[in-house]
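So this one's structure.txt, compact mmCIF, C-alpha atoms:
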```txt
# COMPACT_ATOMS: atom_id res chain seq x y z
CA MET A 409 -75.19 -117.68 98.21
CA GLY A 410 -73.13 -119.01 101.09
CA ALA A 411 -75.83 -118.58 103.72
CA GLU A 412 -77.88 -121.43 105.08
CA CYS A 413 -81.05 -122.03 103.16
CA ARG A 414 -84.27 -123.93 103.80
CA TYR A 415 -86.85 -124.86 101.17
CA GLU A 416 -90.49 -125.07 102.17
CA VAL A 417 -93.06 -126.49 99.79
CA ALA A 418 -96.68 -125.66 100.60
CA GLN A 419 -99.05 -128.59 100.72
CA ALA A 420 -101.03 -127.29 97.72
CA ALA A 421 -97.90 -127.17 95.54
CA TYR A 422 -96.74 -130.59 96.72
CA VAL A 423 -100.12 -132.20 96.04
CA LYS A 424 -100.39 -130.54 92.62
CA LEU A 425 -97.04 -131.83 91.38
CA ALA A 426 -97.74 -135.31 92.81
CA LEU A 427 -101.16 -135.46 91.14
CA HIS A 428 -99.63 -134.33 87.85
CA ALA A 429 -97.17 -137.23 88.01
CA LEU A 430 -99.90 -139.68 89.07
CA LYS A 431 -102.20 -138.67 86.22
CA HIS A 432 -99.48 -139.45 83.66
CA PRO A 433 -97.49 -142.36 85.17
CA SER A 434 -95.75 -143.42 81.96
CA ALA A 435 -94.90 -139.93 80.74
CA ALA A 436 -92.16 -137.44 81.45
CA VAL A 437 -93.94 -134.76 83.50
CA ASN A 438 -92.69 -131.28 84.32
CA GLY A 439 -93.72 -127.96 85.77
CA LEU A 440 -92.58 -124.79 87.46
CA LEU A 441 -92.35 -124.01 91.16
CA VAL A 442 -93.62 -120.59 92.14
CA GLY A 443 -92.80 -118.87 95.40
CA ARG A 444 -90.71 -116.23 97.06
CA LEU A 445 -87.49 -115.72 98.93
CA VAL A 446 -88.19 -115.06 102.60
CA GLU A 447 -85.15 -113.52 104.27
CA PRO A 448 -85.64 -113.42 108.02
CA SER A 449 -83.31 -111.30 110.11
CA SER A 450 -81.48 -114.47 111.08
CA THR A 451 -80.51 -117.51 109.10
CA PRO A 452 -81.55 -119.69 107.48
CA VAL A 453 -82.87 -117.96 104.40
CA VAL A 454 -86.17 -119.56 103.39
CA VAL A 455 -87.32 -120.24 99.85
CA SER A 456 -91.07 -120.69 100.15
CA VAL A 457 -92.72 -122.60 97.30
CA VAL A 458 -96.43 -121.78 97.32
CA ASP A 459 -97.62 -123.19 94.00
CA ALA A 460 -96.72 -125.61 91.23
CA VAL A 461 -97.66 -124.90 87.63
CA PRO A 462 -97.91 -128.08 85.52
CA LEU A 463 -96.39 -127.54 82.08
CA SER A 464 -96.34 -130.75 80.10
CA HIS A 465 -96.45 -134.51 79.98
CA HIS A 466 -95.23 -136.60 77.09
CA PRO A 467 -94.53 -140.34 76.87
CA HIS A 468 -91.14 -140.06 75.17
CA HIS A 469 -89.63 -136.62 75.64
CA LEU A 470 -90.37 -133.11 76.76
CA PRO A 471 -91.05 -130.11 74.53
CA LEU A 472 -88.21 -128.09 73.09
CA LEU A 473 -86.53 -125.47 75.24
CA PRO A 474 -88.09 -122.51 73.34
CA THR A 475 -91.53 -123.80 74.32
CA LEU A 476 -90.44 -124.09 77.94
CA GLU A 477 -88.91 -120.60 77.84
CA LEU A 478 -92.19 -119.21 76.53
CA ALA A 479 -94.10 -120.98 79.31
CA LEU A 480 -91.62 -119.62 81.86
CA THR A 481 -92.17 -116.07 80.58
CA ILE A 482 -95.96 -116.43 80.67
CA VAL A 483 -95.94 -117.84 84.22
CA GLU A 484 -93.52 -115.12 85.41
CA ASP A 485 -95.69 -112.39 83.87
CA HIS A 486 -98.87 -113.85 85.36
CA PHE A 487 -97.53 -114.00 88.90
CA ALA A 488 -95.81 -110.60 88.59
CA THR A 489 -99.21 -109.01 87.96
CA GLN A 490 -100.66 -110.61 91.10
CA GLY A 491 -98.67 -108.21 93.31
CA GLU A 492 -97.76 -110.85 95.90
CA GLY A 493 -94.03 -110.92 95.20
CA LEU A 494 -94.22 -114.37 93.62
CA ALA A 495 -91.79 -115.60 90.98
CA VAL A 496 -90.52 -118.83 89.49
CA VAL A 497 -88.18 -120.33 92.11
CA GLY A 498 -87.67 -123.80 90.69
CA TYR A 499 -88.73 -126.67 88.50
CA TYR A 500 -90.17 -130.13 89.04
CA HIS A 501 -89.78 -133.22 86.92
CA ALA A 502 -91.00 -136.83 86.93
CA ASN A 503 -89.28 -139.40 84.74
CA PRO A 504 -91.44 -141.69 82.59
CA ARG A 505 -90.01 -144.90 84.07
CA ARG A 506 -90.80 -146.05 87.60
CA ASP A 507 -87.21 -147.13 88.30
CA ASP A 508 -85.51 -143.97 86.98
CA ALA A 509 -84.41 -141.77 89.89
CA ASP A 510 -81.79 -139.73 88.05
CA LEU A 511 -82.14 -136.07 87.16
CA PRO A 512 -82.24 -136.02 83.34
CA PRO A 513 -80.30 -133.53 81.21
CA VAL A 514 -83.46 -131.61 80.22
CA ALA A 515 -84.29 -130.98 83.90
CA LYS A 516 -80.74 -129.75 84.49
CA ARG A 517 -80.96 -127.39 81.50
CA VAL A 518 -84.29 -125.94 82.63
CA GLY A 519 -82.91 -125.66 86.16
CA ASP A 520 -79.85 -123.84 84.80
CA HIS A 521 -82.10 -121.38 83.00
CA ILE A 522 -84.09 -120.64 86.17
CA PHE A 523 -80.85 -120.47 88.21
CA ARG A 524 -79.66 -117.54 86.07
CA TYR A 525 -82.61 -115.49 87.32
CA PHE A 526 -83.05 -117.00 90.78
CA PRO A 527 -79.72 -118.28 92.20
CA ARG A 528 -81.40 -120.14 95.08
CA SER A 529 -83.57 -122.16 92.73
CA ALA A 530 -84.21 -125.84 93.27
CA VAL A 531 -85.20 -128.76 91.11
CA LEU A 532 -87.56 -131.35 92.58
CA LEU A 533 -87.49 -134.82 91.07
CA VAL A 534 -90.55 -136.96 91.73
CA ASP A 535 -89.52 -140.42 92.95
CA ASN A 536 -92.03 -142.65 91.16
CA LYS A 537 -91.43 -145.63 93.44
CA LYS A 538 -92.05 -143.57 96.58
CA LEU A 539 -95.09 -141.95 94.98
CA GLU A 540 -96.55 -145.38 94.22
CA GLU A 541 -95.86 -146.55 97.81
CA ALA A 542 -97.48 -143.40 99.22
CA VAL A 543 -100.61 -143.91 97.14
CA LYS A 544 -100.87 -147.49 98.43
CA GLY A 545 -100.45 -146.24 102.00
CA LYS A 546 -97.14 -148.09 102.44
CA SER A 547 -95.00 -145.00 103.01
CA ARG A 548 -95.21 -141.47 104.36
CA GLU A 549 -91.79 -140.43 103.10
CA PRO A 550 -91.47 -137.39 100.82
CA VAL A 551 -92.04 -138.39 97.20
CA VAL A 552 -89.57 -135.86 95.82
CA GLN A 553 -85.82 -135.49 95.89
CA GLY A 554 -84.42 -131.99 96.03
CA PHE A 555 -81.49 -130.78 93.96
CA ILE A 556 -79.50 -127.58 94.32
CA LYS A 557 -76.98 -126.06 91.95
CA LYS A 558 -73.36 -126.01 93.01
CA LEU A 559 -71.26 -124.03 90.57
CA ALA A 560 -68.35 -126.47 90.71
CA SER A 561 -70.32 -129.72 90.51
CA GLY A 562 -73.67 -128.96 88.89
CA TRP A 563 -76.99 -130.17 90.28
CA ILE A 564 -76.59 -132.32 93.39
CA ARG A 565 -79.06 -133.90 95.80
CA TRP A 566 -79.45 -131.92 99.00
CA GLU A 567 -78.19 -134.75 101.17
CA GLN A 568 -75.01 -134.81 99.05
CA SER A 569 -74.35 -131.16 99.83
CA ALA A 570 -71.45 -131.62 102.26
CA GLY A 571 -71.24 -128.95 104.93
CA SER A 572 -74.46 -127.33 103.79
CA LYS A 573 -77.29 -126.87 106.24
CA ARG A 574 -80.00 -126.86 103.61
CA THR A 575 -83.11 -128.64 104.72
CA PHE A 576 -86.28 -129.58 102.94
CA TYR A 577 -89.80 -129.51 104.25
CA GLN A 578 -92.36 -130.83 101.85
CA CYS A 579 -95.69 -129.98 103.48
CA CYS A 580 -95.73 -126.62 105.19
CA PRO A 581 -98.89 -124.58 105.75
CA SER A 582 -99.58 -122.17 102.92
```

Turn this file's structure into structure tokens for me.
Amino acid sequence: MGAECRYEVAQAAYVKLALHALKHPSAAVNGLLVGRLVEPSSTPVVVSVVDAVPLSHHPHHLPLLPTLELALTIVEDHFATQGEGLAVVGYYHANPRRDDADLPPVAKRVGDHIFRYFPRSAVLLVDNKKLEEAVKGKSREPVVQGFIKKLASGWIRWEQSAGSKRTFYQCCPS
């Protein structure tokens, strides 16, 4: 876990999660990130996210954890049968309020669950303000914030990861 790590999100996955959030702007939106660990002979290790699987959208809250666990199992099984080495490597979430840029407890819990099976997992939080600006053509900044799990301090934004050389690329070729 101590090695450098880079997260690449394919354009198709990035667009899918953004469109999911745009379609339901006043709802909590979530989904799974599917990809693979690419370990080149040199560092950094790359986590390549190739797809996003929308799970739910609800105006007040998200479904109970058993429902999410069932969805996680179904998605894992589906991609395991594809034979491409794909697995669930993370989670994405959009808060229902435009001004809410904090990672909610439910996203942390789902992230913790995925982390148990994939210790380099990430949680992407859609920044609703940046998404709105991007749609209006006012910004070309990434519309997601990345979070990684640090055992001592929980889920932290990548830029808060002192001494870490983790980088994030949101639109890489698939």

- request: May I ask which of the residues A:His465, A:His428, A:Arg517, A:His501 is the closest one to A:Leu532, counting only C-alpha atoms?
  value: A:His501

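If you measure from each of A:Leu427, A:Val461, A:Val543, A:Leu494 to A:Leu445 using only C-alpha atoms, the closest one turns out to be A:Leu494.
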
task: Quick one: pull the distance between atom CA of A:Lys538 and atom CA of A:Leu430, Å, one decimal.
output: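 Pair atom CA of A:Lys538 / atom CA of A:Leu430 returns 11.5 Å.
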
field: From A:Val496, A:Ala509, A:Val531, A:Val458, residue lying nearest A:Leu480 [all atoms listed in the file]
entry: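 Of A:Val496, A:Ala509, A:Val531, A:Val458, the one nearest A:Leu480 is A:Val496, counting all atoms listed in the file.
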
- request: Between atom CA of A:His521 and atom CA of A:Thr489, measure the distance and give it in Å to one decimal.
  value: 21.7 Å

- request: Could you tell me which of A:Glu549, A:Asp459, A:Asp535, A:Glu541 comes closest to A:Ala495 if we count only C-alpha atoms?
  value: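 Going through A:Glu549, A:Asp459, A:Asp535, A:Glu541 one by one, the smallest distance to A:Ala495 is for A:Asp459.
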
- prompt: Smallest atom-to-atom distance to A:Thr451: which of A:Gly498, A:Lys544, A:Asp508, A:Arg414, using all atoms listed in the file?
  reply: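 Of all the options, A:Arg414 lies closest to A:Thr451.
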
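Closest to A:Arg565 among A:Leu511, A:Ala542, A:Arg506, A:Lys537 is A:Leu511, based on only C-alpha atoms.
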
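Atom CA of A:Tyr525 to atom CA of A:Tyr422 spans 22.7 Å [interatomic distance, one decimal].
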